>>> print(open('protein.txt').read())   # compact mmCIF, C-alpha atoms
# COMPACT_ATOMS: atom_id res chain seq x y z
CA MET L 213 6.69 79.19 58.41
CA THR L 214 7.77 79.61 54.80
CA THR L 215 8.52 76.75 52.43
CA SER L 216 12.13 77.84 52.45
CA GLU L 217 12.31 77.56 56.23
CA GLN L 218 10.68 74.13 56.16
CA LEU L 219 13.13 72.89 53.55
CA LEU L 220 16.08 74.30 55.47
CA ASN L 221 15.03 72.51 58.63
CA ARG L 222 14.39 69.24 56.86
CA PHE L 223 17.83 69.53 55.32
CA ILE L 224 19.42 70.10 58.73
CA ASP L 225 17.52 67.19 60.25
CA GLU L 226 18.60 64.87 57.46
CA TRP L 227 22.19 66.07 57.65
CA THR L 228 22.37 65.61 61.40
CA ALA L 229 20.88 62.13 61.12
CA GLY L 230 23.53 61.15 58.55
CA ARG L 231 21.00 60.68 55.75
CA ARG L 232 23.12 62.71 53.32
CA PRO L 233 20.66 65.27 51.92
CA ARG L 234 21.61 66.68 48.52
CA VAL L 235 21.63 70.47 48.31
CA ARG L 236 20.72 70.39 44.62
CA GLU L 237 17.58 68.39 45.31
CA TYR L 238 16.48 70.77 48.02
CA LEU L 239 17.11 73.86 45.94
CA ALA L 240 15.28 72.30 43.00
CA ARG L 241 12.10 72.25 45.08
CA LEU L 242 11.91 76.03 44.81
CA PRO L 243 11.69 78.09 41.62
CA ASP L 244 14.78 79.97 40.56
CA GLY L 245 14.53 83.30 42.34
CA PRO L 246 14.69 84.97 45.74
CA ALA L 247 13.25 82.03 47.69
CA ARG L 248 15.80 79.61 46.26
CA ASP L 249 18.61 82.10 46.85
CA GLU L 250 17.52 82.51 50.45
CA LEU L 251 17.45 78.76 50.99
CA ALA L 252 20.91 78.43 49.40
CA GLU L 253 22.28 81.10 51.72
CA ARG L 254 20.79 79.46 54.80
CA ILE L 255 22.08 76.01 53.83
CA ASP L 256 25.46 77.56 53.11
CA SER L 257 25.47 79.09 56.61
CA TRP L 258 24.57 75.70 58.04
CA LEU L 259 27.28 73.85 56.14
CA GLN L 260 29.89 76.24 57.52
CA ILE L 261 29.11 75.21 61.08
CA ALA L 262 27.50 71.80 60.67
CA PRO L 263 29.08 68.93 62.60
CA THR L 264 30.17 65.84 60.72
CA PRO L 265 27.16 63.52 60.70
CA ALA L 266 27.33 60.12 62.34
CA TYR L 267 27.34 58.16 59.08
CA ASP L 268 26.37 54.52 59.22
CA ASP L 269 28.37 51.89 57.34
CA ALA L 270 26.12 52.07 54.27
CA ALA L 271 26.52 55.84 54.01
CA ARG L 272 30.27 55.62 54.43
CA GLN L 273 30.47 52.96 51.74
CA ALA L 274 28.31 55.06 49.42
CA ILE L 275 30.69 58.00 49.82
CA ARG L 276 33.74 55.80 49.32
CA SER L 277 32.37 54.39 46.10
CA HIS L 278 31.51 57.75 44.56
CA PRO L 279 33.56 58.26 41.36
CA ALA L 280 35.00 61.53 42.65
CA VAL L 281 35.94 60.10 46.05
CA GLY L 282 37.37 56.68 45.20
CA PRO L 283 40.50 58.03 43.48
CA LEU L 284 41.31 60.19 46.51
CA LEU L 285 41.44 57.07 48.66
CA GLU L 286 43.77 55.24 46.28
CA HIS L 287 46.96 56.43 47.86
CA GLY L 288 49.61 57.58 45.44
CA ALA L 289 47.45 56.78 42.44
CA ALA L 290 47.29 59.39 39.71
CA ARG L 291 45.20 57.53 37.17
CA GLY L 292 42.00 57.91 39.13
CA ALA L 293 42.04 61.67 38.88
CA TRP L 294 42.48 61.56 35.14
CA THR L 295 39.79 58.96 34.65
CA THR L 296 37.35 60.90 36.81
CA ILE L 297 37.80 64.37 35.43
CA VAL L 298 39.03 64.22 31.84
CA PRO L 299 36.03 62.27 30.46
CA ARG L 300 33.76 64.86 32.07
CA LEU L 301 35.74 67.68 30.51
CA ARG L 302 35.48 65.95 27.13
CA ARG L 303 31.72 65.49 27.48
CA ARG L 304 31.47 69.12 28.61
CA ALA L 305 33.07 70.07 25.31
CA ALA L 306 30.60 67.77 23.50
CA LEU L 307 33.39 65.71 21.94
CA SER L 308 33.83 61.97 21.45
CA SER L 309 37.22 60.30 21.89
CA THR L 310 37.45 60.08 18.12
CA ASP L 311 36.71 63.80 17.77
CA VAL L 312 39.48 64.57 20.24
CA ALA L 313 41.88 62.19 18.51
CA ALA L 314 41.18 63.70 15.08
CA ALA L 315 41.68 67.23 16.39
CA LEU L 316 44.92 66.26 18.13
CA ILE L 317 46.25 64.56 15.02
CA GLU L 318 45.48 67.61 12.93
CA ARG L 319 46.96 69.96 15.49
CA LEU L 320 50.14 67.94 15.87
CA ASP L 321 50.39 67.32 12.14
CA LEU L 322 50.70 63.55 12.45
CA GLY L 323 48.67 62.29 9.52
CA ALA L 324 45.00 61.25 9.60
CA ASP L 325 45.83 57.53 9.44
CA ASN L 326 47.03 57.82 13.05
CA THR L 327 43.58 58.85 14.32
CA PRO L 328 42.38 55.35 15.35
CA ARG L 329 45.58 54.73 17.34
CA ALA L 330 45.31 58.13 19.00
CA ALA L 331 41.69 57.40 19.89
CA ALA L 332 42.77 54.08 21.38
CA TYR L 333 45.44 55.81 23.47
CA LEU L 334 42.93 58.36 24.70
CA ASP L 335 40.54 55.58 25.62
CA GLN L 336 43.30 53.81 27.56
CA LEU L 337 44.04 57.02 29.46
CA GLU L 338 40.38 57.58 30.30
CA THR L 339 39.89 54.05 31.51
CA GLY L 340 43.06 53.95 33.60
CA ARG L 341 44.92 51.46 31.40
CA LEU L 342 47.63 53.95 30.48
CA ASP L 343 49.69 55.98 32.95
CA PRO L 344 49.00 59.69 32.30
CA SER L 345 52.28 60.71 33.90
CA ARG L 346 54.00 59.55 30.69
CA VAL L 347 52.01 61.86 28.42
CA SER L 348 54.13 64.52 26.75
CA ARG L 349 53.83 68.23 27.49
CA ARG L 350 53.05 68.92 23.81
CA LEU L 351 50.09 66.60 23.95
CA LEU L 352 48.88 68.14 27.22
CA ASP L 353 49.07 71.61 25.65
CA ALA L 354 47.01 70.49 22.70
CA LEU L 355 44.53 68.55 24.80
CA GLY L 356 44.13 71.44 27.26
CA ALA L 357 43.36 73.85 24.45
CA LEU L 358 40.78 71.44 23.08
CA LEU L 359 39.06 70.84 26.42
CA GLY L 360 39.22 74.46 27.60
CA VAL L 361 41.55 73.94 30.56
CA SER L 362 45.16 74.86 31.08
CA SER L 363 47.84 72.30 30.31
CA ALA L 364 49.20 72.98 33.80
CA TRP L 365 45.97 71.68 35.26
CA LEU L 366 46.06 68.58 33.07
CA ALA L 367 49.69 68.00 34.02
CA GLU L 368 48.69 68.23 37.65
CA LEU L 369 45.92 65.68 37.12
CA ALA L 370 48.39 63.39 35.40
CA SER L 371 51.01 63.56 38.10
CA PRO L 372 51.03 61.33 41.18
CA ARG L 373 49.03 62.69 44.06
CA HIS L 374 50.77 63.54 47.35
CA PRO L 375 54.20 63.82 45.75
CA GLY L 376 55.89 65.60 48.62
CA ALA L 377 53.81 64.81 51.64
CA PRO L 378 56.26 63.76 54.30
CA ALA L 379 54.09 61.78 56.65
CA PRO L 380 52.06 59.80 54.08
CA ALA L 381 55.24 59.19 52.10
CA ALA L 382 56.86 57.66 55.15
CA LEU L 383 53.80 55.52 55.67
CA LEU L 384 53.82 54.35 52.08
CA ARG L 385 57.46 53.39 52.43
CA SER L 386 56.66 51.30 55.45
CA ASP L 387 53.68 49.71 53.68
CA GLY L 388 55.53 49.00 50.46
CA ASP L 389 57.20 45.80 49.38
CA ALA L 390 60.64 47.02 48.30
CA ALA L 391 61.71 43.73 46.74
CA GLY L 392 58.48 43.42 44.79
CA SER L 393 58.72 46.99 43.60
CA LEU L 394 62.29 46.47 42.39
CA ARG L 395 61.27 43.26 40.60
CA ASP L 396 58.45 45.13 38.82
CA ASP L 397 60.84 47.88 37.78
CA LEU L 398 63.32 45.38 36.37
CA GLU L 399 60.59 43.58 34.44
CA LEU L 400 59.45 46.90 33.03
CA LEU L 401 62.97 47.74 31.90
CA SER L 402 63.38 44.30 30.34
CA ARG L 403 60.16 44.69 28.39
CA ALA L 404 61.19 48.15 27.27
CA ALA L 405 64.48 46.81 25.95
CA LEU L 406 62.59 44.29 23.82
CA THR L 407 59.96 46.70 22.57
CA PRO L 408 60.23 48.02 18.98
CA ALA L 409 61.16 51.68 18.60
CA MET L 410 58.35 54.13 19.26
CA ASP L 411 57.00 56.41 16.59
CA GLU L 412 55.97 60.03 17.13
CA LEU L 413 52.45 59.16 18.32
CA ASP L 414 53.77 56.60 20.82
CA ARG L 415 56.22 59.16 22.16
CA LEU L 416 53.48 61.76 22.62
CA PHE L 417 51.40 59.35 24.71
CA THR L 418 54.05 57.36 26.49
CA GLY L 419 57.42 59.08 26.05
CA GLY L 420 57.33 61.28 29.12
CA ARG L 421 56.82 65.03 29.57
CA ASP L 422 59.68 66.14 27.33
CA ALA L 423 58.86 63.86 24.38
CA MET F 193 47.76 58.41 58.54
CA ARG F 194 45.79 56.66 55.83
CA ARG F 195 42.88 56.19 58.14
CA TRP F 196 43.00 59.87 59.09
CA TRP F 197 43.04 60.85 55.43
CA ASP F 198 40.15 58.50 54.59
CA GLU F 199 38.08 59.96 57.41
CA LEU F 200 38.83 63.48 56.27
CA VAL F 201 37.83 62.73 52.68
CA ILE F 202 34.61 61.08 53.82
CA ASP F 203 33.86 64.10 55.99
CA VAL F 204 34.65 66.61 53.28
CA TYR F 205 32.74 65.02 50.39
CA ASP F 206 29.16 65.86 51.39
CA ARG F 207 30.18 69.30 52.56
CA MET F 208 32.00 70.00 49.29
CA ASP F 209 29.01 68.72 47.29
CA GLY F 210 26.81 71.03 49.37
CA PHE F 211 29.04 74.07 48.98
CA VAL F 212 29.15 73.54 45.22
CA GLY F 213 25.35 73.26 45.23
CA THR F 214 24.82 76.44 47.21
CA ALA F 215 27.34 78.27 45.03
CA HIS F 216 25.65 77.58 41.70
CA ARG F 217 22.10 77.30 43.07
CA GLY F 218 20.89 75.01 40.32
CA ARG F 219 22.53 76.90 37.49
CA LEU F 220 24.88 74.05 36.62
CA ASP F 221 23.40 70.88 35.19
CA ASP F 222 24.05 67.53 36.87
CA ASP F 223 27.13 66.72 34.82
CA GLU F 224 28.61 70.18 35.38
CA HIS F 225 27.88 69.87 39.09
CA GLU F 226 29.64 66.51 39.30
CA LEU F 227 32.58 67.93 37.33
CA ALA F 228 32.82 70.87 39.75
CA VAL F 229 32.72 68.55 42.77
CA ALA F 230 35.36 66.25 41.27
CA MET F 231 37.62 69.18 40.38
CA ALA F 232 37.18 70.73 43.82
CA LEU F 233 37.95 67.46 45.60
CA GLU F 234 41.00 66.94 43.43
CA ARG F 235 42.20 70.45 44.19
CA PHE F 236 41.50 69.84 47.87
CA ALA F 237 43.61 66.69 47.86
CA ARG F 238 46.45 68.04 45.75
CA LYS F 239 46.82 71.60 46.97
CA LEU F 240 44.66 72.78 49.80
CA ILE F 241 45.55 70.07 52.24
CA PHE F 242 49.26 70.77 51.73
CA THR F 243 49.14 74.55 51.74
CA PHE F 244 46.52 74.97 54.45
CA ARG F 245 47.92 77.07 57.25
CA GLY F 246 44.97 77.04 59.62
CA THR F 247 44.78 75.17 62.88
CA SER F 248 41.15 74.19 63.20
CA MET F 249 38.47 72.22 61.37
CA GLY F 250 36.48 75.44 61.16
CA GLU F 251 39.21 77.09 59.14
CA LEU F 252 39.48 74.06 56.91
CA VAL F 253 35.72 74.14 56.27
CA ASN F 254 36.00 77.81 55.41
CA ALA F 255 38.83 77.16 52.98
CA THR F 256 36.86 74.26 51.49
CA ARG F 257 33.90 76.56 50.92
CA THR F 258 36.05 79.18 49.19
CA LEU F 259 37.59 76.49 47.01
CA ALA F 260 34.16 75.13 46.02
CA GLN F 261 32.95 78.60 45.09
CA ARG F 262 35.99 79.31 42.93
CA ILE F 263 35.82 75.99 41.12
CA CYS F 264 32.12 76.59 40.48
CA ILE F 265 32.92 79.90 38.84
CA ASP F 266 35.53 78.19 36.68
CA VAL F 267 33.10 75.47 35.59
CA GLN F 268 30.42 78.06 34.87
CA ARG F 269 32.88 79.95 32.68
CA MET F 270 33.83 76.76 30.88
CA SER F 271 30.17 76.06 30.26
CA VAL F 272 29.54 79.53 28.94
CA ARG F 273 32.42 79.09 26.53
CA ALA F 274 31.17 75.66 25.50
CA HIS F 275 27.68 77.01 24.81
CA LEU F 276 28.87 80.09 22.96
CA TYR F 277 31.42 78.22 20.97
CA ASP F 278 30.21 76.03 18.14
CA GLY F 279 32.75 73.26 17.83
CA PRO F 280 36.37 73.08 18.85
CA SER F 281 39.15 74.78 16.97
CA PHE F 282 42.70 75.21 18.08
CA ASP F 283 43.17 78.17 15.78
CA ALA F 284 40.26 80.16 17.07
CA PRO F 285 40.00 79.75 20.84
CA PRO F 286 36.71 81.07 22.21
CA GLU F 287 38.27 83.45 24.63
CA SER F 288 41.90 84.42 24.62
CA GLY F 289 43.53 83.45 27.87
CA GLY F 290 40.25 82.12 29.17
CA ALA F 291 41.40 78.64 29.99
CA TRP F 292 41.16 77.63 33.60
CA ASP F 293 44.38 78.59 35.25
CA ALA F 294 45.30 76.29 38.08
CA ALA F 295 47.99 78.52 39.53
CA ALA F 296 45.77 81.58 39.58
CA ALA F 297 42.90 79.67 41.14
CA THR F 298 45.19 78.29 43.80
CA GLN F 299 46.46 81.74 44.65
CA ARG F 300 42.92 83.08 44.88
CA TYR F 301 41.79 80.61 47.48
CA GLU F 302 45.07 80.68 49.36
CA ASP F 303 44.69 84.42 49.73
CA GLU F 304 41.19 84.04 51.06
CA GLN F 305 41.62 81.01 53.25
CA ARG F 306 43.60 83.06 55.74
CA GLY F 307 40.48 85.16 56.36
CA ALA F 308 37.69 84.27 58.68
CA GLU F 309 38.13 81.75 61.45
CA ALA F 310 34.89 79.85 61.84
CA LEU F 311 35.30 79.00 65.48
CA ASP F 312 36.29 82.52 66.43
CA PHE F 313 33.30 83.72 64.49
CA LEU F 314 30.94 81.40 66.34
CA ARG F 315 32.36 82.46 69.69
CA TRP F 316 31.74 86.03 68.70
CA ALA F 317 28.38 85.54 67.04
CA LEU F 318 26.48 83.04 69.19
CA PRO F 319 26.19 85.29 72.26
CA GLN F 320 24.61 87.92 70.06
CA LEU F 321 21.71 85.68 69.06
CA LYS F 322 18.47 85.69 71.01
CA ALA F 323 18.69 83.03 73.71
CA GLU F 324 15.87 80.89 72.31
CA ARG F 325 17.47 80.83 68.86
CA ARG F 326 20.95 80.24 70.21
CA GLN F 327 19.80 77.26 72.27
CA VAL F 328 18.35 75.52 69.22
CA LEU F 329 21.44 76.20 67.15
CA GLU F 330 23.84 75.05 69.85
CA LEU F 331 21.93 71.82 70.32
CA THR F 332 21.86 71.24 66.57
CA ILE F 333 25.58 71.86 66.25
CA ALA F 334 26.11 69.46 69.12
CA GLY F 335 24.37 66.78 67.07
CA ALA F 336 20.99 66.65 68.77
CA ASP F 337 18.19 65.46 66.51
CA LEU F 338 14.83 67.14 66.23
CA ALA F 339 13.12 64.97 68.85
CA GLU F 340 15.90 65.62 71.35
CA ILE F 341 15.72 69.38 70.81
CA VAL F 342 11.94 69.34 71.16
CA SER F 343 12.27 67.37 74.38
CA GLU F 344 15.13 69.44 75.76
CA LEU F 345 13.50 72.79 75.18
CA GLY F 346 9.89 71.76 75.62
CA VAL F 347 8.72 73.44 72.43
CA SER F 348 6.99 72.21 69.28
CA ARG F 349 8.69 70.96 66.15
CA ASP F 350 7.52 74.02 64.21
CA ASN F 351 8.94 76.23 66.90
CA VAL F 352 12.31 74.54 66.68
CA TYR F 353 12.26 74.95 62.90
CA GLN F 354 11.37 78.61 63.16
CA ARG F 355 14.03 79.38 65.75
CA ARG F 356 16.68 77.51 63.82
CA SER F 357 15.89 79.24 60.53
CA ARG F 358 16.01 82.61 62.18
CA ALA F 359 19.21 81.78 64.01
CA LEU F 360 20.90 80.91 60.72
CA ARG F 361 19.55 84.06 59.11
CA ASP F 362 20.92 86.12 62.01
CA LEU F 363 24.21 84.26 61.75
CA ALA F 364 24.51 85.12 58.06
CA LYS F 365 23.99 88.81 58.83
CA LEU F 366 26.54 88.68 61.63
CA LYS F 367 29.00 86.98 59.28
CA GLU F 368 28.74 89.91 56.90
CA ARG F 369 29.57 92.28 59.77
CA TYR F 370 32.32 90.00 60.98
CA ASP F 371 33.93 89.83 57.55
CA ALA F 372 33.61 93.58 56.89
>>> encode(input="protein.txt", output="structure tokens")
Amino acid sequence: MTTSEQLLNRFIDEWTAGRRPRVREYLARLPDGPARDELAERIDSWLQIAPTPAYDDAARQAIRSHPAVGPLLEHGAARGAWTTIVPRLRRRAALSSTDVAAALIERLDLGADNTPRAAAYLDQLETGRLDPSRVSRRLLDALGALLGVSSAWLAELASPRHPGAPAPAALLRSDGDAAGSLRDDLELLSRAALTPAMDELDRLFTGGRDA
Amino acid sequence: MRRWWDELVIDVYDRMDGFVGTAHRGRLDDDEHELAVAMALERFARKLIFTFRGTSMGELVNATRTLAQRICIDVQRMSVRAHLYDGPSFDAPPESGGAWDAAAATQRYEDEQRGAEALDFLRWALPQLKAERRQVLELTIAGADLAEIVSELGVSRDNVYQRRSRALRDLAKLKERYDA
């Protein structure tokens, strides 16, 4: 039996037992070339027909806590998607938050003295402390160009997940506290009424899509 | 509904991670791999699950696989641009029109997801496998572990491994014929 066959079977055994084998780790055991390609094809065939493993509680918790999975389980939350993906895109482009802020400021012709505030806004977005659904389209266009993705994709990341799903929406309505939600909205409006006027940078980050 | 969704996400994650892994075969680094998985899961949650027109888990797995492959290609392209391109500049984009286009990517996988039906394929393909290979594969798909298969069929562990590898190889060839 070849090494590739042995690895394939170990992978299947681990999968079936719910031990969550990682494809990358298995492929890395073979040099880049025909043997690795063959193993990848066999594992791919397996994954197409493989039953869902009987995960134990620890495995289920490990999946739930993965950075890419957690946001999907936060129903109706949009911030998770932004915080998971945008920092990776930024790192992929080998840029710091300050680099991005400086480039945005230059692009949008806002004056270099605004760079620290822009960097702070970006940091708030990446850490989930600022709602990305309020970011302006102009800023998304500029950010998308900088990170190498379309602004449409960024806008999608920034929008609430499951916007039109009928069944989950009905469930969320039944789970929600209408009075509490209304109280929060009123408080938000009250705070907004007392907040000083926004400048151009504030509007780009918090003024909504058309700002 | 929430519980159903949570179960689906838990089920899909390892498979998506695996499909991304088999698609790039080690050619993405760890960070790129994680980015591809995150983007694919996000796309799964935002688009695929709402536009999916299939009726079986097999079809969903097939659509998931197509999605993972497409996202991998997009991330690979992004990486190529990042490596070719020395520093960001808005005025001189590395590749005109090369930014990842969500709408186009969605259309690509939606077009393909209507293709093969995994369960139909298995019904068609399994009878064509040699009996000894089919038995091992059917038991594995049914969730039997290695010891149970060895006991059920009365063969050695190496024999089970060999039959299973060959069954999957045969299945891949049959899939090519099936898709043609």
>>> closest_residue(input="protein.txt", among="L:Ile255, L:Asp397, L:Pro263, L:Ala357", to="Arg236 of chain L", atoms="only C-alpha atoms")
L:Ile255
>>> residues_around(input="protein.txt", residues="Leu321 of chain F", least_positions_apart="5", cutoff="10 Å", atoms="only C-alpha atoms", output="CSV table (one decimal) with C-alpha atoms, keeping the file's coordinate frame")
chain,number,residue,atom,x,y,z
F,326,ARG,CA,21.0,80.2,70.2
F,327,GLN,CA,19.8,77.3,72.3
F,329,LEU,CA,21.4,76.2,67.2
F,358,ARG,CA,16.0,82.6,62.2
F,359,ALA,CA,19.2,81.8,64.0
F,360,LEU,CA,20.9,80.9,60.7
F,362,ASP,CA,20.9,86.1,62.0
F,363,LEU,CA,24.2,84.3,61.8
F,366,LEU,CA,26.5,88.7,61.6
>>> closest_residue(input="protein.txt", among="L:Ala247, L:Val235, L:Leu219, L:Leu316", to="chain F", atoms="all atoms listed in the file")
L:Val235
>>> interface_residues(input="protein.txt", of="chain L", to="chain F", cutoff="6 Å", atoms="all atoms listed in the file", output="number ranges by chain")
L: 217, 221, 235-236, 252, 262-263, 280, 305, 360-362, 365
>>> write_last_selection(input="protein.txt", atoms="C-alpha atoms", output="compact mmCIF listing (two decimals), keeping the file's coordinate frame")
# COMPACT_ATOMS: atom_id res chain seq x y z
CA GLU L 217 12.31 77.56 56.23
CA ASN L 221 15.03 72.51 58.63
CA VAL L 235 21.63 70.47 48.31
CA ARG L 236 20.72 70.39 44.62
CA ALA L 252 20.91 78.43 49.40
CA ALA L 262 27.50 71.80 60.67
CA PRO L 263 29.08 68.93 62.60
CA ALA L 280 35.00 61.53 42.65
CA ALA L 305 33.07 70.07 25.31
CA GLY L 360 39.22 74.46 27.60
CA VAL L 361 41.55 73.94 30.56
CA SER L 362 45.16 74.86 31.08
CA TRP L 365 45.97 71.68 35.26
>>> atom_distance(input="protein.txt", atom1="atom CA of Ile297 of chain L", atom2="atom CA of Thr310 of chain L")
17.8 Å
>>> closest_residue(input="protein.txt", among="L:Leu251, L:Ala331, L:Leu351, L:Leu220", to="Leu307 of chain L", atoms="only C-alpha atoms")
L:Ala331
>>> atom_distance(input="protein.txt", atom1="atom CA of Arg276 of chain L", atom2="atom CA of Pro233 of chain L")
16.4 Å
>>> closest_residue(input="protein.txt", among="L:Thr215, L:Ser309, L:Gln273, L:Ser348", to="Leu334 of chain L", atoms="all atoms listed in the file")
L:Ser309
>>> atom_distance(input="protein.txt", atom1="atom CA of Leu400 of chain L", atom2="atom CA of Leu366 of chain L")
25.5 Å
>>> closest_residue(input="protein.txt", among="L:Ala314, L:Ala324, L:Leu342, L:Leu394", to="Leu355 of chain L", atoms="all atoms listed in the file")
L:Ala314
>>> decode(input="protein.txt", residues="segment 250-272 of chain L", atoms="C-alpha atoms", output="short mmCIF file (atom, residue, chain, number, x, y, z; two decimals), in the first residue's frame")
data_model
loop_
_atom_site.label_atom_id
_atom_site.label_comp_id
_atom_site.auth_asym_id
_atom_site.auth_seq_id
_atom_site.Cartn_x
_atom_site.Cartn_y
_atom_site.Cartn_z
CA GLU L 250 -3.62 12.05 -5.79
CA LEU L 251 -4.22 12.21 -2.04
CA ALA L 252 -6.07 15.52 -2.45
CA GLU L 253 -8.30 14.01 -5.11
CA ARG L 254 -9.09 10.96 -2.99
CA ILE L 255 -9.85 13.06 0.10
CA ASP L 256 -11.99 15.33 -2.07
CA SER L 257 -13.94 12.27 -3.28
CA TRP L 258 -14.37 11.19 0.32
CA LEU L 259 -15.58 14.58 1.52
CA GLN L 260 -18.27 14.57 -1.16
CA ILE L 261 -19.86 11.45 0.28
CA ALA L 262 -18.63 11.43 3.87
CA PRO L 263 -21.30 11.28 6.57
CA THR L 264 -21.33 13.93 9.26
CA PRO L 265 -19.12 12.60 12.05
CA ALA L 266 -20.53 11.97 15.49
CA TYR L 267 -18.78 14.91 17.14
CA ASP L 268 -18.41 14.85 20.90
CA ASP L 269 -19.12 17.95 22.98
CA ALA L 270 -15.50 19.08 22.94
CA ALA L 271 -15.32 18.88 19.15
CA ARG L 272 -18.59 20.74 18.76
#
